[in-house]
>>> print(open('structure.cif').read())   # mmCIF, C-alpha atoms
data_run
loop_
_atom_site.group_PDB
_atom_site.id
_atom_site.type_symbol
_atom_site.label_atom_id
_atom_site.label_comp_id
_atom_site.auth_asym_id
_atom_site.auth_seq_id
_atom_site.Cartn_x
_atom_site.Cartn_y
_atom_site.Cartn_z
ATOM 1 C CA MET A 647 118.162 106.353 91.258
ATOM 2 C CA LYS A 648 119.318 104.187 94.125
ATOM 3 C CA TRP A 649 119.496 106.139 97.371
ATOM 4 C CA THR A 650 122.317 105.834 99.900
ATOM 5 C CA LEU A 651 122.757 107.548 103.233
ATOM 6 C CA LEU A 652 125.763 109.399 101.880
ATOM 7 C CA LEU A 653 123.533 111.298 99.458
ATOM 8 C CA LEU A 654 121.726 112.936 102.337
ATOM 9 C CA PHE A 655 124.879 114.643 103.485
ATOM 10 C CA SER A 656 125.486 116.399 100.172
ATOM 11 C CA THR A 657 125.132 120.181 100.483
ATOM 12 C CA ASN A 658 124.011 120.265 96.851
ATOM 13 C CA LEU A 659 120.978 118.124 97.659
ATOM 14 C CA LEU A 660 120.264 119.713 101.021
ATOM 15 C CA ALA A 661 120.503 123.471 100.826
ATOM 16 C CA SER A 662 118.218 124.420 103.697
ATOM 17 C CA PRO A 663 115.940 121.676 105.108
ATOM 18 C CA ASN A 664 115.554 121.253 108.851
ATOM 19 C CA SER A 665 115.458 118.433 111.382
ATOM 20 C CA ILE A 666 118.121 116.163 109.875
ATOM 21 C CA ASN A 667 121.091 115.196 112.016
ATOM 22 C CA PRO A 668 123.533 113.282 109.761
ATOM 23 C CA GLU A 669 125.427 111.697 112.654
ATOM 24 C CA ARG A 670 122.220 110.185 114.059
ATOM 25 C CA LEU A 671 120.355 109.279 110.873
ATOM 26 C CA ILE A 672 119.405 105.611 110.413
ATOM 27 C CA THR A 673 116.724 105.725 107.713
ATOM 28 C CA PRO A 674 115.535 108.711 105.688
ATOM 29 C CA LEU A 675 111.869 109.504 105.011
ATOM 30 C CA LEU A 676 110.576 106.235 103.543
ATOM 31 C CA ASP A 677 107.376 106.332 101.481
ATOM 32 C CA ILE A 678 106.311 103.167 103.221
ATOM 33 C CA PHE A 679 103.035 102.542 101.328
ATOM 34 C CA SER A 680 104.268 103.438 97.844
ATOM 35 C CA GLU A 681 102.957 101.134 95.126
ATOM 36 C CA ASP A 682 106.480 101.082 93.709
ATOM 37 C CA ASN A 683 108.005 99.379 96.760
ATOM 38 C CA ARG A 684 109.315 95.923 95.919
ATOM 39 C CA ILE A 685 110.265 92.735 97.761
ATOM 40 C CA LEU A 686 113.744 91.613 96.694
ATOM 41 C CA PRO A 687 115.610 88.311 97.024
ATOM 42 C CA GLN A 688 117.822 87.508 100.013
ATOM 43 C CA GLY A 689 115.550 89.128 102.583
ATOM 44 C CA LYS A 690 115.648 92.680 101.232
ATOM 45 C CA ALA A 691 113.011 95.220 100.228
ATOM 46 C CA LEU A 692 113.369 98.156 97.839
ATOM 47 C CA VAL A 693 111.562 101.178 99.302
ATOM 48 C CA MET A 694 110.831 104.560 97.766
ATOM 49 C CA VAL A 695 112.362 107.615 99.439
ATOM 50 C CA SER A 696 110.922 111.120 99.440
ATOM 51 C CA GLY A 697 114.035 113.195 98.830
ATOM 52 C CA PHE A 698 114.861 116.875 99.140
ATOM 53 C CA SER A 699 115.188 119.460 96.410
ATOM 54 C CA LYS A 700 118.026 121.973 96.309
ATOM 55 C CA GLN A 701 115.651 124.454 97.968
ATOM 56 C CA GLY A 702 115.151 122.084 100.885
ATOM 57 C CA ASN A 703 111.608 121.074 99.934
ATOM 58 C CA ILE A 704 110.629 117.433 100.153
ATOM 59 C CA GLN A 705 109.345 115.789 97.000
ATOM 60 C CA LYS A 706 108.488 112.360 95.697
ATOM 61 C CA ASP A 707 110.948 111.162 93.091
ATOM 62 C CA ASN A 708 112.553 107.969 91.825
ATOM 63 C CA GLU A 709 115.041 107.479 94.646
ATOM 64 C CA THR A 710 115.063 104.161 96.518
ATOM 65 C CA ILE A 711 116.834 102.437 99.379
ATOM 66 C CA GLU A 712 117.275 98.760 100.250
ATOM 67 C CA ILE A 713 116.295 97.688 103.755
ATOM 68 C CA ASP A 714 115.728 94.335 105.439
ATOM 69 C CA GLN A 715 112.337 92.764 104.762
ATOM 70 C CA LEU A 716 111.680 92.382 108.478
ATOM 71 C CA VAL A 717 112.212 96.110 108.968
ATOM 72 C CA PHE A 718 109.945 96.835 105.999
ATOM 73 C CA PHE A 719 107.063 94.662 107.207
ATOM 74 C CA LYS A 720 107.367 95.988 110.755
ATOM 75 C CA ALA A 721 107.304 99.538 109.391
ATOM 76 C CA LYS A 722 104.149 98.833 107.370
ATOM 77 C CA LYS A 723 102.387 97.249 110.339
ATOM 78 C CA GLN A 724 103.181 100.167 112.634
ATOM 79 C CA SER A 725 102.302 102.691 109.937
ATOM 80 C CA SER A 726 98.883 101.072 109.424
ATOM 81 C CA ALA A 727 97.795 102.709 112.697
ATOM 82 C CA VAL A 728 98.799 106.166 111.435
ATOM 83 C CA TYR A 729 96.440 108.387 109.426
ATOM 84 C CA GLN A 730 96.627 111.463 107.263
ATOM 85 C CA MET A 731 94.667 114.250 108.979
ATOM 86 C CA ILE A 732 93.442 116.618 106.272
ATOM 87 C CA PRO A 733 90.740 119.271 105.731
ATOM 88 C CA ARG A 734 87.294 117.899 104.900
ATOM 89 C CA GLU A 735 86.179 120.752 102.658
ATOM 90 C CA ASN A 736 89.468 121.351 100.874
ATOM 91 C CA PRO A 737 91.682 118.250 100.935
ATOM 92 C CA ASN A 738 94.105 119.933 98.511
ATOM 93 C CA ALA A 739 94.765 122.890 100.809
ATOM 94 C CA ASP A 740 98.338 123.967 101.522
ATOM 95 C CA PHE A 741 100.405 121.297 103.235
ATOM 96 C CA PHE A 742 100.773 123.212 106.496
ATOM 97 C CA TYR A 743 97.114 122.517 107.303
ATOM 98 C CA LYS A 744 97.678 118.793 106.916
ATOM 99 C CA GLY A 745 98.920 116.671 109.785
ATOM 100 C CA THR A 746 98.872 113.256 111.390
ATOM 101 C CA ALA A 747 96.829 111.281 113.921
ATOM 102 C CA PHE A 748 97.366 107.741 115.200
ATOM 103 C CA HIS A 749 94.996 105.082 116.478
ATOM 104 C CA ILE A 750 95.356 103.840 120.077
ATOM 105 C CA GLY A 751 92.315 101.526 120.031
ATOM 106 C CA ASN A 752 88.517 101.749 120.213
ATOM 107 C CA ASN A 753 88.363 104.419 117.470
ATOM 108 C CA LEU A 754 90.380 106.805 119.671
ATOM 109 C CA VAL A 755 93.227 108.770 118.105
ATOM 110 C CA LEU A 756 95.856 111.143 119.398
ATOM 111 C CA THR A 757 97.125 114.206 117.552
ATOM 112 C CA ASN A 758 98.425 117.703 118.243
ATOM 113 C CA HIS A 759 96.119 120.526 119.247
ATOM 114 C CA HIS A 760 97.658 122.720 116.547
ATOM 115 C CA VAL A 761 96.719 120.128 113.906
ATOM 116 C CA LEU A 762 93.070 120.171 115.010
ATOM 117 C CA SER A 763 93.045 123.940 115.470
ATOM 118 C CA PRO A 764 95.919 125.868 113.848
ATOM 119 C CA ASP A 765 95.081 129.019 115.795
ATOM 120 C CA ARG A 766 94.614 126.991 119.046
ATOM 121 C CA SER A 767 91.113 128.438 119.569
ATOM 122 C CA ASN A 768 89.130 125.177 119.317
ATOM 123 C CA THR A 769 89.465 122.681 122.170
ATOM 124 C CA THR A 770 86.052 120.965 122.060
ATOM 125 C CA GLU A 771 84.679 120.881 118.483
ATOM 126 C CA CYS A 772 85.473 118.435 115.688
ATOM 127 C CA GLY A 773 86.197 121.185 113.204
ATOM 128 C CA ASP A 774 87.028 120.655 109.550
ATOM 129 C CA PHE A 775 89.059 117.464 109.171
ATOM 130 C CA GLN A 776 88.955 113.850 108.089
ATOM 131 C CA LEU A 777 91.313 110.954 108.625
ATOM 132 C CA HIS A 778 92.415 108.990 105.564
ATOM 133 C CA ASN A 779 94.127 105.633 105.688
ATOM 134 C CA ASN A 780 97.179 104.997 103.533
ATOM 135 C CA ASN A 781 95.302 104.611 100.231
ATOM 136 C CA ALA A 782 92.256 106.766 101.117
ATOM 137 C CA SER A 783 89.975 103.726 100.794
ATOM 138 C CA ASP A 784 88.632 104.503 104.281
ATOM 139 C CA VAL A 785 87.793 108.037 105.372
ATOM 140 C CA PHE A 786 86.921 108.569 109.039
ATOM 141 C CA GLU A 787 84.934 111.513 110.371
ATOM 142 C CA CYS A 788 85.299 112.985 113.834
ATOM 143 C CA LYS A 789 82.703 111.816 116.364
ATOM 144 C CA LYS A 790 83.856 113.728 119.456
ATOM 145 C CA VAL A 791 86.837 115.687 120.739
ATOM 146 C CA HIS A 792 87.246 114.283 124.242
ATOM 147 C CA HIS A 793 90.036 116.559 125.418
ATOM 148 C CA CYS A 794 92.652 118.980 124.105
ATOM 149 C CA ASP A 795 95.514 120.435 126.106
ATOM 150 C CA PRO A 796 96.668 123.692 124.438
ATOM 151 C CA VAL A 797 99.791 123.956 126.600
ATOM 152 C CA GLN A 798 101.204 120.489 125.862
ATOM 153 C CA ASP A 799 99.649 120.536 122.375
ATOM 154 C CA VAL A 800 97.833 117.187 122.426
ATOM 155 C CA CYS A 801 94.240 116.075 121.707
ATOM 156 C CA LEU A 802 92.281 112.856 122.223
ATOM 157 C CA ILE A 803 89.593 112.409 119.572
ATOM 158 C CA GLU A 804 87.027 109.677 118.931
ATOM 159 C CA MET A 805 86.354 108.829 115.291
ATOM 160 C CA ALA A 806 83.101 107.573 113.800
ATOM 161 C CA PRO A 807 83.120 104.359 111.740
ATOM 162 C CA ALA A 808 83.754 104.858 108.027
ATOM 163 C CA ARG A 809 81.685 103.580 105.116
ATOM 164 C CA ARG A 810 83.492 101.687 102.388
ATOM 165 C CA CYS A 811 82.055 101.345 98.886
ATOM 166 C CA ILE A 812 81.627 97.728 97.848
ATOM 167 C CA ASN A 813 80.508 98.307 94.252
ATOM 168 C CA PHE A 814 81.545 100.640 91.447
ATOM 169 C CA PHE A 815 78.781 103.227 91.893
ATOM 170 C CA CYS A 816 78.955 103.083 95.689
ATOM 171 C CA THR A 817 75.281 102.181 95.969
ATOM 172 C CA LYS A 818 76.303 99.538 98.497
ATOM 173 C CA THR A 819 78.583 100.279 101.412
ATOM 174 C CA SER A 820 79.943 98.500 104.449
ATOM 175 C CA VAL A 821 80.722 99.939 107.883
ATOM 176 C CA VAL A 822 84.437 99.963 108.736
ATOM 177 C CA GLU A 823 85.816 100.435 112.228
ATOM 178 C CA MET A 824 89.412 101.343 112.959
ATOM 179 C CA LYS A 825 91.151 98.018 113.579
ATOM 180 C CA ASN A 826 92.254 97.500 117.172
ATOM 181 C CA GLY A 827 94.816 95.015 115.881
ATOM 182 C CA GLU A 828 96.540 97.886 114.097
ATOM 183 C CA SER A 829 96.451 100.293 117.030
ATOM 184 C CA LEU A 830 99.519 101.511 118.914
ATOM 185 C CA LYS A 831 100.187 101.326 122.655
ATOM 186 C CA LEU A 832 101.471 104.104 124.906
ATOM 187 C CA LYS A 833 104.555 103.488 127.016
ATOM 188 C CA ALA A 834 104.084 104.432 130.668
ATOM 189 C CA GLN A 835 107.124 106.026 132.340
ATOM 190 C CA PRO A 836 109.452 105.915 129.306
ATOM 191 C CA GLY A 837 112.744 106.431 131.108
ATOM 192 C CA GLU A 838 113.770 108.752 133.886
ATOM 193 C CA LEU A 839 113.434 112.520 133.662
ATOM 194 C CA TYR A 840 116.378 114.187 131.935
ATOM 195 C CA GLU A 841 117.721 110.806 130.891
ATOM 196 C CA VAL A 842 119.812 110.766 127.726
ATOM 197 C CA MET A 843 119.652 107.523 125.748
ATOM 198 C CA ASP A 844 122.115 107.994 122.894
ATOM 199 C CA ALA A 845 121.957 104.397 121.673
ATOM 200 C CA LYS A 846 118.159 104.079 121.471
ATOM 201 C CA ILE A 847 116.685 103.875 117.962
ATOM 202 C CA MET A 848 113.541 106.005 117.648
ATOM 203 C CA THR A 849 110.977 105.869 114.860
ATOM 204 C CA CYS A 850 108.854 108.736 113.578
ATOM 205 C CA ILE A 851 105.756 108.090 111.413
ATOM 206 C CA GLY A 852 103.657 110.809 109.838
ATOM 207 C CA ASN A 853 101.983 112.500 106.888
ATOM 208 C CA THR A 854 105.159 114.200 105.711
ATOM 209 C CA MET A 855 104.381 117.417 103.802
ATOM 210 C CA GLY A 856 100.945 115.979 102.985
ATOM 211 C CA LEU A 857 102.600 113.435 100.679
ATOM 212 C CA GLY A 858 101.331 110.391 102.549
ATOM 213 C CA ILE A 859 102.563 108.316 105.472
ATOM 214 C CA HIS A 860 106.349 108.226 105.809
ATOM 215 C CA TYR A 861 108.594 106.290 108.175
ATOM 216 C CA SER A 862 111.991 107.436 109.435
ATOM 217 C CA GLN A 863 114.490 106.505 112.135
ATOM 218 C CA GLY A 864 117.237 108.233 114.079
ATOM 219 C CA ARG A 865 119.480 107.257 116.966
ATOM 220 C CA GLY A 866 119.154 108.907 120.357
ATOM 221 C CA LEU A 867 116.555 110.304 122.751
ATOM 222 C CA LYS A 868 116.638 112.833 125.572
ATOM 223 C CA ILE A 869 113.702 112.873 127.973
ATOM 224 C CA ASN A 870 113.446 116.293 129.568
ATOM 225 C CA GLY A 871 110.405 116.512 131.810
ATOM 226 C CA LYS A 872 107.222 116.736 129.743
ATOM 227 C CA THR A 873 108.954 116.706 126.362
ATOM 228 C CA SER A 874 111.518 114.561 124.564
ATOM 229 C CA SER A 875 114.162 115.448 121.998
ATOM 230 C CA PHE A 876 114.860 112.949 119.214
ATOM 231 C CA TYR A 877 116.612 112.715 115.864
ATOM 232 C CA ALA A 878 114.429 110.717 113.458
ATOM 233 C CA PRO A 879 113.933 113.085 110.497
ATOM 234 C CA LEU A 880 110.589 114.743 109.849
ATOM 235 C CA ARG A 881 109.025 117.685 108.063
ATOM 236 C CA PRO A 882 105.782 119.703 108.423
ATOM 237 C CA GLY A 883 102.800 117.352 108.313
ATOM 238 C CA ASN A 884 104.403 114.907 110.767
ATOM 239 C CA SER A 885 102.822 116.843 113.644
ATOM 240 C CA GLY A 886 100.574 114.576 115.705
ATOM 241 C CA GLY A 887 102.305 111.367 114.698
ATOM 242 C CA PRO A 888 103.760 108.730 117.037
ATOM 243 C CA LEU A 889 107.342 108.532 118.229
ATOM 244 C CA LEU A 890 108.122 104.853 118.799
ATOM 245 C CA ALA A 891 111.040 103.082 120.472
ATOM 246 C CA GLU A 892 112.498 99.688 119.580
ATOM 247 C CA ASP A 893 109.910 98.018 121.830
ATOM 248 C CA GLY A 894 107.193 99.141 119.378
ATOM 249 C CA LEU A 895 105.519 101.351 121.983
ATOM 250 C CA VAL A 896 104.699 105.044 121.634
ATOM 251 C CA TRP A 897 107.130 107.090 123.713
ATOM 252 C CA GLY A 898 105.811 110.443 122.546
ATOM 253 C CA VAL A 899 103.550 112.481 120.252
ATOM 254 C CA VAL A 900 105.550 114.414 117.663
ATOM 255 C CA LYS A 901 104.885 118.151 117.813
ATOM 256 C CA GLN A 902 107.763 120.232 116.481
ATOM 257 C CA GLU A 903 110.668 120.052 114.067
ATOM 258 C CA SER A 904 113.991 121.669 114.721
ATOM 259 C CA HIS A 905 114.628 125.233 113.614
ATOM 260 C CA ILE A 906 118.280 124.352 113.120
ATOM 261 C CA THR A 907 119.500 123.710 109.590
ATOM 262 C CA VAL A 908 120.931 120.278 108.901
ATOM 263 C CA ASP A 909 123.906 119.695 111.164
ATOM 264 C CA ASN A 910 124.947 117.683 114.176
ATOM 265 C CA GLU A 911 122.926 119.899 116.544
ATOM 266 C CA ALA A 912 119.542 119.452 114.797
ATOM 267 C CA PHE A 913 116.792 117.737 116.805
ATOM 268 C CA ASN A 914 112.996 117.361 117.008
ATOM 269 C CA VAL A 915 110.508 117.526 119.881
ATOM 270 C CA ALA A 916 107.690 115.260 121.081
ATOM 271 C CA VAL A 917 105.304 115.375 124.036
ATOM 272 C CA SER A 918 106.336 112.460 126.243
ATOM 273 C CA SER A 919 103.851 109.593 126.457
ATOM 274 C CA GLN A 920 103.684 109.815 130.247
ATOM 275 C CA THR A 921 102.686 113.475 129.945
ATOM 276 C CA VAL A 922 99.893 112.473 127.556
ATOM 277 C CA ILE A 923 98.780 109.732 129.953
ATOM 278 C CA ASP A 924 98.727 112.113 132.932
ATOM 279 C CA ILE A 925 96.754 114.747 131.010
ATOM 280 C CA MET A 926 94.119 112.374 129.660
ATOM 281 C CA GLN A 927 93.630 110.355 132.853
ATOM 282 C CA LEU A 928 92.905 113.566 134.750
ATOM 283 C CA ALA A 929 90.685 115.076 132.046
ATOM 284 C CA LEU A 930 88.595 111.907 131.583
ATOM 285 C CA GLN A 931 87.670 111.438 135.244
ATOM 286 C CA GLY A 932 84.086 112.473 134.461
ATOM 287 C CA ASP A 933 83.803 109.983 131.568
ATOM 288 C CA PRO A 934 84.685 106.540 132.984
ATOM 289 C CA ALA A 935 83.809 104.638 129.803
ATOM 290 C CA ILE A 936 86.259 106.618 127.647
ATOM 291 C CA LEU A 937 88.811 106.623 130.451
ATOM 292 C CA ASP A 938 88.653 102.827 130.537
ATOM 293 C CA GLN A 939 89.130 102.671 126.759
ATOM 294 C CA PHE A 940 92.056 105.080 126.937
ATOM 295 C CA ASN A 941 93.691 103.095 129.757
ATOM 296 C CA ARG A 942 93.653 99.977 127.596
ATOM 297 C CA SER A 943 96.162 101.709 125.320
ATOM 298 C CA ILE A 944 98.780 101.988 128.100
ATOM 299 C CA THR A 945 101.566 99.462 128.640
ATOM 300 C CA GLU A 946 103.867 99.583 131.662
#
>>> encode(input="structure.cif", output="structure tokens")
Amino acid sequence: MKWTLLLLFSTNLLASPNSINPERLITPLLDIFSEDNRILPQGKALVMVSGFSKQGNIQKDNETIEIDQLVFFKAKKQSSAVYQMIPRENPNADFFYKGTAFHIGNNLVLTNHHVLSPDRSNTTECGDFQLHNNNASDVFECKKVHHCDPVQDVCLIEMAPARRCINFFCTKTSVVEMKNGESLKLKAQPGELYEVMDAKIMTCIGNTMGLGIHYSQGRGLKINGKTSSFYAPLRPGNSGGPLLAEDGLVWGVVKQESHITVDNEAFNVAVSSQTVIDIMQLALQGDPAILDQFNRSITE
């Protein structure tokens, strides 16, 4: 089935899902690393869409959408810095325990505190999670939790290098670092406080419902102190993912979907990037080496 934006507005398809604002939608939830994605002639790409059931649950199906190749390749590059954050002991646990983390360089990732610790009790320990890249060929273990802020719901975590099997029986392995060339940069001072930017296109990337990394876009952003409201669609599992602007920089860390059913008032919430910068620069004063690495991820 070929997917069009008009399908999203059908009340038969969307009985009760949240966080979709039809007036501000640009792209739906694109399964950006699907093996069924195809490059088409005349500069287009055919991309799989994770659609909604009549009950409002997201599911992988045979729906597709055509987008420009340049948009597709940019989406894949940005999404390569985003990881599925899942339980180590039970990777098939219920989706609500799955989330997202994204690489900012030097094996450092950002995520939400509630993704690391659903009950918010753990602020210092690695806990029970792994990071998987888009095809699970590389699995990264936590090395150290450098800082978590329970109030603003953000954590900075250092990951250990992964080991990749290089033969069938995995008797030989190679050490794999997170690639700095695929890391994302944080935007310092992303707009004035309380500024409303209705024309700005924002991108959300995350492990939507534990179904793998998805990419979506919506138009508009409101910066309100330490948080930002935006309209790119998401679902549970996107928590901890990056919110990017058209400049390719991270303007926020996604933390909450709207509780409003699909309509023109629906919105989502992210911790603003400047808030994350302020928190981490203060917390890392006693660890100058990590502070220096973190500061390299910031762009004015």
>>> resolve_selection(input="structure.cif", expression="the PyMOL selection byres ((chain A and resi 767-778) around 8)", output="mmCIF file with C-alpha atoms, in the coordinates of the input")
data_model
loop_
_atom_site.group_PDB
_atom_site.id
_atom_site.type_symbol
_atom_site.label_atom_id
_atom_site.label_comp_id
_atom_site.auth_asym_id
_atom_site.auth_seq_id
_atom_site.Cartn_x
_atom_site.Cartn_y
_atom_site.Cartn_z
ATOM 1 C CA TYR A 729 96.440 108.387 109.426
ATOM 2 C CA GLN A 730 96.627 111.463 107.263
ATOM 3 C CA MET A 731 94.667 114.250 108.979
ATOM 4 C CA ILE A 732 93.442 116.618 106.272
ATOM 5 C CA PRO A 733 90.740 119.271 105.731
ATOM 6 C CA ARG A 734 87.294 117.899 104.900
ATOM 7 C CA GLU A 735 86.179 120.752 102.658
ATOM 8 C CA ALA A 747 96.829 111.281 113.921
ATOM 9 C CA HIS A 759 96.119 120.526 119.247
ATOM 10 C CA LEU A 762 93.070 120.171 115.010
ATOM 11 C CA SER A 763 93.045 123.940 115.470
ATOM 12 C CA PRO A 764 95.919 125.868 113.848
ATOM 13 C CA ASP A 765 95.081 129.019 115.795
ATOM 14 C CA ARG A 766 94.614 126.991 119.046
ATOM 15 C CA ASN A 779 94.127 105.633 105.688
ATOM 16 C CA ASN A 780 97.179 104.997 103.533
ATOM 17 C CA ASN A 781 95.302 104.611 100.231
ATOM 18 C CA ALA A 782 92.256 106.766 101.117
ATOM 19 C CA SER A 783 89.975 103.726 100.794
ATOM 20 C CA ASP A 784 88.632 104.503 104.281
ATOM 21 C CA VAL A 785 87.793 108.037 105.372
ATOM 22 C CA PHE A 786 86.921 108.569 109.039
ATOM 23 C CA GLU A 787 84.934 111.513 110.371
ATOM 24 C CA CYS A 788 85.299 112.985 113.834
ATOM 25 C CA LYS A 789 82.703 111.816 116.364
ATOM 26 C CA LYS A 790 83.856 113.728 119.456
ATOM 27 C CA VAL A 791 86.837 115.687 120.739
ATOM 28 C CA HIS A 792 87.246 114.283 124.242
ATOM 29 C CA HIS A 793 90.036 116.559 125.418
ATOM 30 C CA CYS A 794 92.652 118.980 124.105
ATOM 31 C CA ASP A 795 95.514 120.435 126.106
ATOM 32 C CA PRO A 796 96.668 123.692 124.438
#
>>> atom_distance(input="structure.cif", atom1="CA of Thr746 (chain A)", atom2="CA of Pro668 (chain A)")
24.7 Å
>>> closest_residue(input="structure.cif", among="A:Arg881, A:Lys825, A:Arg670, A:Lys833", to="His905 (chain A)", atoms="all atoms listed in the file")
A:Arg881
>>> atom_distance(input="structure.cif", atom1="CA of Met805 (chain A)", atom2="CA of Leu756 (chain A)")
10.6 Å
>>> resolve_selection(input="structure.cif", expression="the PyMOL selection byres ((chain A and resi 875) around 9)", output="list in words")
Gly866, Leu867, Lys868, Ile869, Asn870, Thr873, Ser874, Phe876, Tyr877, Phe913, Asn914, Val915 and Ala916 of chain A
>>> build_atoms(input="structure.cif", residues="region 820-836 of chain A", atoms="N, CA and C atoms", output="compact mmCIF listing (two decimals), keeping the file's coordinate frame")
# COMPACT_ATOMS: atom_id res chain seq x y z
N SER A 820 79.78 99.26 103.21
CA SER A 820 79.94 98.50 104.45
C SER A 820 80.55 99.41 105.51
N VAL A 821 80.21 99.14 106.77
CA VAL A 821 80.72 99.94 107.88
C VAL A 821 82.10 99.41 108.27
N VAL A 822 83.06 100.33 108.43
CA VAL A 822 84.44 99.96 108.74
C VAL A 822 84.87 100.66 110.01
N GLU A 823 85.26 99.88 111.00
CA GLU A 823 85.82 100.44 112.23
C GLU A 823 87.34 100.51 112.09
N MET A 824 87.96 101.39 112.85
CA MET A 824 89.41 101.34 112.96
C MET A 824 89.79 100.02 113.63
N LYS A 825 90.80 99.35 113.10
CA LYS A 825 91.15 98.02 113.58
C LYS A 825 92.00 98.10 114.84
N ASN A 826 91.48 97.51 115.93
CA ASN A 826 92.25 97.50 117.17
C ASN A 826 93.57 96.74 117.02
N GLY A 827 93.59 95.76 116.11
CA GLY A 827 94.82 95.02 115.88
C GLY A 827 95.91 95.83 115.24
N GLU A 828 95.55 97.00 114.71
CA GLU A 828 96.54 97.89 114.10
C GLU A 828 96.77 99.14 114.94
N SER A 829 96.27 99.13 116.17
CA SER A 829 96.45 100.29 117.03
C SER A 829 97.81 100.25 117.71
N LEU A 830 98.25 101.39 118.22
CA LEU A 830 99.52 101.51 118.91
C LEU A 830 99.29 101.67 120.41
N LYS A 831 100.27 101.25 121.20
CA LYS A 831 100.19 101.33 122.66
C LYS A 831 101.13 102.41 123.19
N LEU A 832 100.68 103.06 124.28
CA LEU A 832 101.47 104.10 124.91
C LEU A 832 102.36 103.51 125.99
N LYS A 833 103.61 103.95 126.01
CA LYS A 833 104.56 103.49 127.02
C LYS A 833 104.43 104.35 128.27
N ALA A 834 104.12 103.72 129.39
CA ALA A 834 104.08 104.43 130.67
C ALA A 834 105.49 104.56 131.22
N GLN A 835 105.81 105.74 131.75
CA GLN A 835 107.12 106.03 132.34
C GLN A 835 108.28 105.63 131.42
N PRO A 836 108.38 106.28 130.26
CA PRO A 836 109.45 105.92 129.31
C PRO A 836 110.80 106.50 129.69
